[in-house]
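Data block for my_file-v4.cif (mmCIF, C-alpha atoms):
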data_run
#
loop_
_atom_site.label_atom_id
_atom_site.label_comp_id
_atom_site.auth_asym_id
_atom_site.auth_seq_id
_atom_site.Cartn_x
_atom_site.Cartn_y
_atom_site.Cartn_z
CA MET U 1 -5.13 38.05 17.94
CA THR U 2 -2.47 35.34 18.23
CA THR U 3 -2.16 33.14 21.29
CA ALA U 4 1.01 34.93 22.36
CA THR U 5 -0.59 38.35 21.94
CA ALA U 6 -3.66 37.25 23.90
CA ALA U 7 -1.46 35.90 26.71
CA LEU U 8 0.46 39.19 26.86
CA ALA U 9 -2.81 41.13 26.91
CA ASP U 10 -3.94 39.12 29.94
CA GLN U 11 -0.67 39.88 31.74
CA LEU U 12 -0.96 43.57 30.91
CA LEU U 13 -4.55 43.61 32.14
CA ASP U 14 -3.42 42.20 35.48
CA ALA U 15 -0.92 45.09 35.75
CA LEU U 16 -3.55 47.81 35.23
CA PRO U 17 -5.44 49.39 38.16
CA GLN U 18 -8.91 48.46 36.81
CA THR U 19 -10.42 51.89 37.41
CA GLN U 20 -12.13 51.62 33.97
CA CYS U 21 -11.78 55.41 33.66
CA THR U 22 -11.24 55.46 29.84
CA ARG U 23 -8.57 58.18 30.17
CA CYS U 24 -6.21 55.94 28.20
CA GLY U 25 -8.44 56.47 25.17
CA TYR U 26 -9.99 53.01 25.26
CA PRO U 27 -13.40 51.92 26.61
CA ASP U 28 -11.94 49.88 29.48
CA CYS U 29 -8.74 48.43 30.91
CA ARG U 30 -9.04 45.22 28.89
CA ALA U 31 -9.27 47.12 25.60
CA TYR U 32 -6.19 49.17 26.52
CA ALA U 33 -4.25 46.03 27.46
CA ALA U 34 -5.18 44.43 24.15
CA ALA U 35 -4.08 47.54 22.25
CA ILE U 36 -0.69 47.56 24.01
CA ALA U 37 -0.19 43.86 23.29
CA ALA U 38 -1.00 44.44 19.62
CA GLY U 39 1.46 47.34 19.41
CA GLU U 40 -1.35 49.85 18.85
CA ALA U 41 -0.96 51.86 22.07
CA ASP U 42 1.87 53.23 24.18
CA ILE U 43 2.47 52.08 27.74
CA ASN U 44 2.20 55.58 29.25
CA GLN U 45 -1.52 56.30 28.83
CA CYS U 46 -2.85 55.27 32.27
CA PRO U 47 -2.86 58.15 34.81
CA PRO U 48 -4.31 56.06 37.68
CA GLY U 49 -1.37 53.65 37.40
CA GLY U 50 1.11 56.51 37.39
CA ALA U 51 4.85 56.09 36.94
CA GLU U 52 4.88 52.71 38.67
CA GLY U 53 2.15 51.52 36.33
CA VAL U 54 4.22 52.54 33.32
CA ALA U 55 7.20 50.66 34.78
CA ARG U 56 5.09 47.51 35.20
CA LEU U 57 3.88 47.69 31.59
CA ALA U 58 7.41 48.37 30.37
CA ALA U 59 8.73 45.25 32.12
CA LEU U 60 6.01 43.08 30.58
CA THR U 61 6.41 44.45 27.07
CA GLN U 62 10.19 44.90 27.23
CA ARG U 63 9.73 48.46 26.06
CA ALA U 64 11.54 51.47 27.47
CA ALA U 65 9.71 53.22 30.29
CA LEU U 66 8.27 56.59 29.30
CA PRO U 67 6.98 59.59 31.25
CA LEU U 68 3.23 59.57 31.65
CA ASN U 69 1.62 61.20 28.63
CA PRO U 70 -0.09 64.38 29.94
CA THR U 71 -2.60 64.15 27.09
CA HIS U 72 -4.28 61.41 29.08
CA GLY U 73 -4.03 63.14 32.45
CA ASN U 74 -1.60 63.41 35.33
CA GLU U 75 -0.75 61.09 38.19
CA GLY U 76 -2.42 62.09 41.42
CA PRO U 77 -4.04 60.88 44.62
CA LEU U 78 -7.05 58.60 44.54
CA ARG U 79 -10.15 60.75 44.33
CA ARG U 80 -13.63 59.53 45.12
CA ALA U 81 -16.98 60.91 44.08
CA LEU U 82 -19.26 62.68 46.54
CA ILE U 83 -22.84 63.64 45.65
CA ASP U 84 -24.34 66.80 47.12
CA GLU U 85 -27.63 65.31 48.25
CA ALA U 86 -29.31 68.70 48.50
CA TRP U 87 -28.85 69.27 44.76
CA CYS U 88 -29.35 65.72 43.43
CA ILE U 89 -32.50 65.48 41.28
CA GLY U 90 -32.49 61.67 40.96
CA CYS U 91 -31.95 61.58 37.19
CA THR U 92 -30.01 58.25 37.44
CA LEU U 93 -27.52 59.31 34.75
CA CYS U 94 -24.59 58.91 37.17
CA ILE U 95 -25.78 55.41 38.04
CA LYS U 96 -25.76 54.45 34.36
CA ALA U 97 -22.29 55.95 33.88
CA CYS U 98 -20.60 54.27 36.86
CA PRO U 99 -18.52 51.31 35.60
CA VAL U 100 -18.51 49.51 38.95
CA ASP U 101 -22.08 50.13 40.16
CA CYS U 102 -20.98 52.07 43.24
CA ILE U 103 -23.79 54.67 43.03
CA VAL U 104 -27.16 53.73 44.45
CA GLY U 105 -30.55 55.41 44.29
CA GLY U 106 -33.79 55.40 42.35
CA PRO U 107 -35.47 57.63 39.79
CA LYS U 108 -36.35 61.05 41.28
CA SER U 109 -34.73 59.96 44.54
CA MET U 110 -31.50 61.10 46.10
CA HIS U 111 -28.42 59.14 45.03
CA THR U 112 -25.33 58.35 47.07
CA VAL U 113 -21.88 56.92 46.40
CA ILE U 114 -20.62 53.80 48.18
CA THR U 115 -17.27 55.42 48.86
CA ALA U 116 -15.28 52.24 49.47
CA LEU U 117 -16.19 50.95 46.00
CA CYS U 118 -15.54 54.14 44.01
CA THR U 119 -12.53 53.90 41.67
CA GLY U 120 -12.30 57.64 41.06
CA CYS U 121 -12.97 57.20 37.34
CA GLU U 122 -14.84 60.56 37.17
CA LEU U 123 -17.23 59.24 34.51
CA CYS U 124 -20.18 60.43 36.61
CA LEU U 125 -19.07 64.08 36.46
CA PRO U 126 -19.86 65.00 32.84
CA VAL U 127 -23.28 63.31 32.82
CA CYS U 128 -24.66 65.09 35.90
CA PRO U 129 -27.04 67.82 34.65
CA VAL U 130 -26.90 69.83 37.88
CA ASP U 131 -23.17 69.49 38.69
CA CYS U 132 -23.86 68.06 42.13
CA ILE U 133 -20.91 65.64 42.12
CA ALA U 134 -17.45 66.55 43.40
CA MET U 135 -14.24 64.54 43.54
CA ILE U 136 -12.61 64.41 46.98
CA ASP U 137 -8.97 63.45 47.55
CA ALA U 138 -8.93 60.16 49.45
CA THR U 139 -5.17 59.59 49.67
CA PRO U 140 -3.39 62.94 50.10
CA GLY U 141 0.33 62.55 49.47
CA ARG U 142 -0.05 59.14 47.83
CA SER U 143 -0.61 58.63 44.12
CA GLY U 144 -0.63 55.89 41.49
CA TRP U 145 -0.20 52.40 42.90
CA ALA U 146 0.82 53.90 46.25
CA ALA U 147 -2.79 55.08 46.55
CA TRP U 148 -4.45 51.98 45.11
CA SER U 149 -3.95 48.39 46.23
CA ALA U 150 -4.03 45.13 44.30
CA ALA U 151 -7.06 44.07 46.37
CA GLN U 152 -8.93 47.21 45.33
CA ALA U 153 -8.02 46.59 41.71
CA ASP U 154 -9.31 43.02 41.91
CA GLN U 155 -12.56 44.18 43.49
CA ALA U 156 -13.08 46.84 40.82
CA ARG U 157 -12.34 44.33 38.08
CA GLU U 158 -14.91 41.88 39.45
CA ARG U 159 -17.57 44.57 39.83
CA TYR U 160 -16.97 45.84 36.31
CA ALA U 161 -17.21 42.31 34.90
CA PHE U 162 -20.47 41.70 36.76
CA ARG U 163 -21.90 44.99 35.50
CA GLN U 164 -21.09 44.00 31.92
CA PHE U 165 -22.77 40.64 32.51
CA ARG U 166 -25.83 42.33 34.02
CA ILE U 167 -26.20 44.74 31.11
CA GLU U 168 -25.97 41.91 28.59
CA ARG U 169 -28.41 39.79 30.60
CA ASP U 170 -30.93 42.63 30.85
CA SER U 171 -30.64 43.34 27.14
CA THR U 172 -31.22 39.68 26.30
CA GLU U 173 -34.23 39.43 28.60
CA HIS U 174 -35.70 42.61 27.09
CA ALA U 175 -35.27 41.21 23.58
CA GLU U 176 -36.93 37.96 24.66
CA ARG U 177 -39.90 39.85 26.11
CA LEU U 178 -40.29 41.80 22.87
CA ALA U 179 -40.10 38.59 20.85
CA ALA U 180 -42.71 36.89 23.06
CA LYS U 181 -45.02 39.88 22.74
CA ALA U 182 -44.59 39.91 18.96
CA GLN U 183 -45.27 36.17 18.80
CA SER U 184 -48.46 36.71 20.79
CA LYS U 185 -49.54 39.46 18.41
CA LEU U 186 -48.79 37.22 15.45
CA ALA U 187 -50.95 34.47 16.96
CA ASP U 188 -53.78 36.97 17.46
CA VAL U 189 -53.51 38.05 13.83
CA ALA U 190 -53.58 34.44 12.68
CA SER U 191 -56.66 33.64 14.76
CA ALA U 192 -58.48 36.66 13.32
CA SER U 193 -57.47 35.92 9.76
CA LYS U 194 -60.96 34.81 8.76
CA LEU U 195 -62.36 38.20 9.73
CA THR U 196 -59.60 40.32 8.22
CA ASP U 197 -59.05 41.59 4.72
CA PRO U 198 -56.19 39.46 3.20
CA ASP U 199 -54.14 42.49 2.19
CA ASP U 200 -54.49 44.08 5.63
CA LEU U 201 -53.58 40.79 7.29
CA GLN U 202 -50.45 40.45 5.17
CA ALA U 203 -49.36 43.98 6.05
CA LYS U 204 -49.80 43.31 9.79
CA ARG U 205 -47.93 40.03 9.50
CA ALA U 206 -45.02 41.80 7.76
CA VAL U 207 -44.80 44.41 10.53
CA ILE U 208 -44.79 41.76 13.27
CA GLU U 209 -42.24 39.57 11.49
CA ALA U 210 -39.98 42.60 11.08
CA ALA U 211 -40.27 43.26 14.82
CA LEU U 212 -39.36 39.65 15.54
CA GLU U 213 -36.29 39.92 13.33
CA ARG U 214 -35.15 43.10 15.09
CA ALA U 215 -35.56 41.40 18.46
CA ARG U 216 -33.56 38.41 17.23
CA LEU U 217 -30.72 40.64 16.03
CA ARG U 218 -30.62 42.52 19.35
CA LYS U 219 -30.45 39.23 21.22
CA GLU U 220 -27.58 37.94 19.08
CA GLY U 221 -25.65 41.21 19.48
CA PRO U 222 -23.21 42.79 17.00
#

Structure encoded using structure tokens:
Amino acid sequence: MTTATAALADQLLDALPQTQCTRCGYPDCRAYAAAIAAGEADINQCPPGGAEGVARLAALTQRAALPLNPTHGNEGPLRRALIDEAWCIGCTLCIKACPVDCIVGGPKSMHTVITALCTGCELCLPVCPVDCIAMIDATPGRSGWAAWSAAQADQARERYAFRQFRIERDSTEHAERLAAKAQSKLADVASASKLTDPDDLQAKRAVIEAALERARLRKEGP
């Protein structure tokens, strides 16, 4: 990506509502902004932004404004998730799916949505095995950017960024724990080498070294 394209992508990202709903066909708002800047995506694929959102993207890209593409959904009021506590089984799948960590609860315990933080992304709906989540209209009569403020977008963007950081941090720490455990096992094998058949020792060493390599690759990422 050239410097100019990257700069445009940053501007486009600032113009998106940061709901991280993936309805545009991309994994998050940043990926969609980058695709628009690279000429790989149209500017009318963001239902939460609505018609005003398309107009903002058109002004930044100097493209003609287009009607919202219904393939990606329709403009509508902000809707927020509500969990039926009587039916929740505490599976935690909705917690894992929420891009802004607005669902709280523990395994086999009732979950609840922090309503003020919900972006209405609806990503929790398909993962719920008991269909105990409903979307409730929060801004009847107001849609797109009329139903979503810049402050809310900034908050959602910050929470999404922190969640990505947390996931990466947890993955790194898990890989480090696995590596430390494998190193300990390797040390145990080495200390017992005098009492172990050489061929058996070599086989164990190969297994542990392979585990260390897998842990290293997970830590480094793709």

Counting all atoms listed in the file, what is within 6 Å of Cys132 in chain U, bar same-chain residues fewer than 2 positions away, as a short mmCIF file (atom, residue, chain, number, x, y, z; two decimals) with C-alpha atoms, in the frame of the given file?
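Output (result-v8.cif):
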data_model
loop_
_atom_site.label_atom_id
_atom_site.label_comp_id
_atom_site.auth_asym_id
_atom_site.auth_seq_id
_atom_site.Cartn_x
_atom_site.Cartn_y
_atom_site.Cartn_z
CA ILE U 83 -22.84 63.64 45.65
CA ASP U 84 -24.34 66.80 47.12
CA TRP U 87 -28.85 69.27 44.76
CA VAL U 130 -26.90 69.83 37.88
#

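The closest residue to Gln20 in chain U, picked from U:Pro107, U:Pro48, U:Pro99, U:Gly76 and counting all atoms listed in the file, is U:Pro99.
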
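Picked out by the PyMOL selection byres ((chain U and resi 160) around 10) when it runs on this file: Gln18, Thr19, Gln20, Asp28, Cys98, Pro99, Val100, Asp101, Asp154, Gln155, Ala156, Arg157, Glu158, Arg159, Ala161, Phe162, Arg163, Gln164, Phe165 and Arg166 of chain U.
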
Let me make sure I understand: among U:Glu85, U:Trp145, U:Ala64, U:Ala9, which one has the smallest atom-to-atom distance to Lys108 in chain U if we use all atoms listed in the file?
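Answer, going by the shortest atom-to-atom distance: U:Glu85.
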
If we count only C-alpha atoms, what is near Ser171 in chain U at a cut-off of 12 Å, once residues fewer than 2 positions away on the same chain are taken out, given as a PyMOL selection string?
chain U and resi 164-169+173-178+215-221

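Excluding Leu13 in chain U itself and any same-chain residue fewer than 4 positions from it, the protein and nucleic acid residues within 7 Å of it, counting all atoms listed in the file, are U:Ala9, U:Cys29, U:Arg30, U:Ala33.
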
Go ahead and write the residues just picked, C-alpha atoms, as a PDB file, in the frame of the given file.
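So out_19.pdb came out as:
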ATOM      1  CA  ALA U   9      -2.810  41.130  26.910  1.00  0.00           C
ATOM      2  CA  CYS U  29      -8.740  48.430  30.910  1.00  0.00           C
ATOM      3  CA  ARG U  30      -9.040  45.220  28.890  1.00  0.00           C
ATOM      4  CA  ALA U  33      -4.250  46.030  27.460  1.00  0.00           C
TER       5      ALA U  33
END

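Distances from U:Ala146, U:Thr3, U:Pro17, U:Met135 to Ala81 in chain U were compared using all atoms listed in the file, and the smallest one belongs to U:Met135.
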
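Our summary of the geometry notes that CA of Cys46 in chain U is positioned 10.8 Å from CA of Pro67 in chain U.
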
Expand the PyMOL selection byres ((chain U and resi 97) around 8) into the individual residues it matches in the shown file, reporting them as a VMD selection string.
chain U and resid 93 to 96 98 to 99 123 to 124 127

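Going from CA of Asp42 in chain U over to CA of Val54 in chain U, you cover 9.5 Å.
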
Kindly give the distance, in Å, that separates CA of Ala150 in chain U and CA of Ala58 in chain U, rounded to a single decimal.
18.3 Å

Quick one: everything within 6 Å of range 119-122 of chain U, counting only C-alpha atoms, minus sequence neighbours fewer than 5 positions away in the same chain. Send it as JSON, numbers by chain.
{"U": [19, 21, 79, 80]}

Box centre and edge lengths (Å, one decimal), axis-aligned, range 176-184 of chain U plus 5 Å each side, as lines of an AutoDock Vina configuration file:
center_x = -42.7
center_y = 39.0
center_z = 22.5
size_x = 21.5
size_y = 15.6
size_z = 17.3

Identify, on the basis of all atoms listed in the file, every residue whose closest approach to Glu209 in chain U does not exceed 12 Å; exclude the query and any residue fewer than 3 positions from it along the same chain; express the result as a PyMOL selection string.
chain U and resi 178-187+189+202-206+212-216

Store the residues of this selection in a file with C-alpha atoms, as a PDB file, keeping the file's coordinate frame.
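And here is the file that came out, part-v6.pdb:
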ATOM      1  CA  LEU U 178     -40.290  41.800  22.870  1.00  0.00           C
ATOM      2  CA  ALA U 179     -40.100  38.590  20.850  1.00  0.00           C
ATOM      3  CA  ALA U 180     -42.710  36.890  23.060  1.00  0.00           C
ATOM      4  CA  LYS U 181     -45.020  39.880  22.740  1.00  0.00           C
ATOM      5  CA  ALA U 182     -44.590  39.910  18.960  1.00  0.00           C
ATOM      6  CA  GLN U 183     -45.270  36.170  18.800  1.00  0.00           C
ATOM      7  CA  SER U 184     -48.460  36.710  20.790  1.00  0.00           C
ATOM      8  CA  LYS U 185     -49.540  39.460  18.410  1.00  0.00           C
ATOM      9  CA  LEU U 186     -48.790  37.220  15.450  1.00  0.00           C
ATOM     10  CA  ALA U 187     -50.950  34.470  16.960  1.00  0.00           C
ATOM     11  CA  VAL U 189     -53.510  38.050  13.830  1.00  0.00           C
ATOM     12  CA  GLN U 202     -50.450  40.450   5.170  1.00  0.00           C
ATOM     13  CA  ALA U 203     -49.360  43.980   6.050  1.00  0.00           C
ATOM     14  CA  LYS U 204     -49.800  43.310   9.790  1.00  0.00           C
ATOM     15  CA  ARG U 205     -47.930  40.030   9.500  1.00  0.00           C
ATOM     16  CA  ALA U 206     -45.020  41.800   7.760  1.00  0.00           C
ATOM     17  CA  LEU U 212     -39.360  39.650  15.540  1.00  0.00           C
ATOM     18  CA  GLU U 213     -36.290  39.920  13.330  1.00  0.00           C
ATOM     19  CA  ARG U 214     -35.150  43.100  15.090  1.00  0.00           C
ATOM     20  CA  ALA U 215     -35.560  41.400  18.460  1.00  0.00           C
ATOM     21  CA  ARG U 216     -33.560  38.410  17.230  1.00  0.00           C
TER      22      ARG U 216
END

My list of candidates is U:Ser143, U:Thr115, U:Thr92, U:Gln45. Which is closest to Thr22 in chain U when distances are computed with only C-alpha atoms?
U:Gln45

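Within 8 Å of the point (-23.9, 54.9, 47.7) in file coordinates, and counting only C-alpha atoms, lie the residues Cys102, Ile103, Val104, Gly105, His111, Thr112, Val113, Ile114 and Thr115 of chain U.
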
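With distances taken over all atoms listed in the file, U:Leu60 is the one residue among U:Leu60, U:His72, U:Gly106, U:Ala51 lying closest to Thr5 in chain U.
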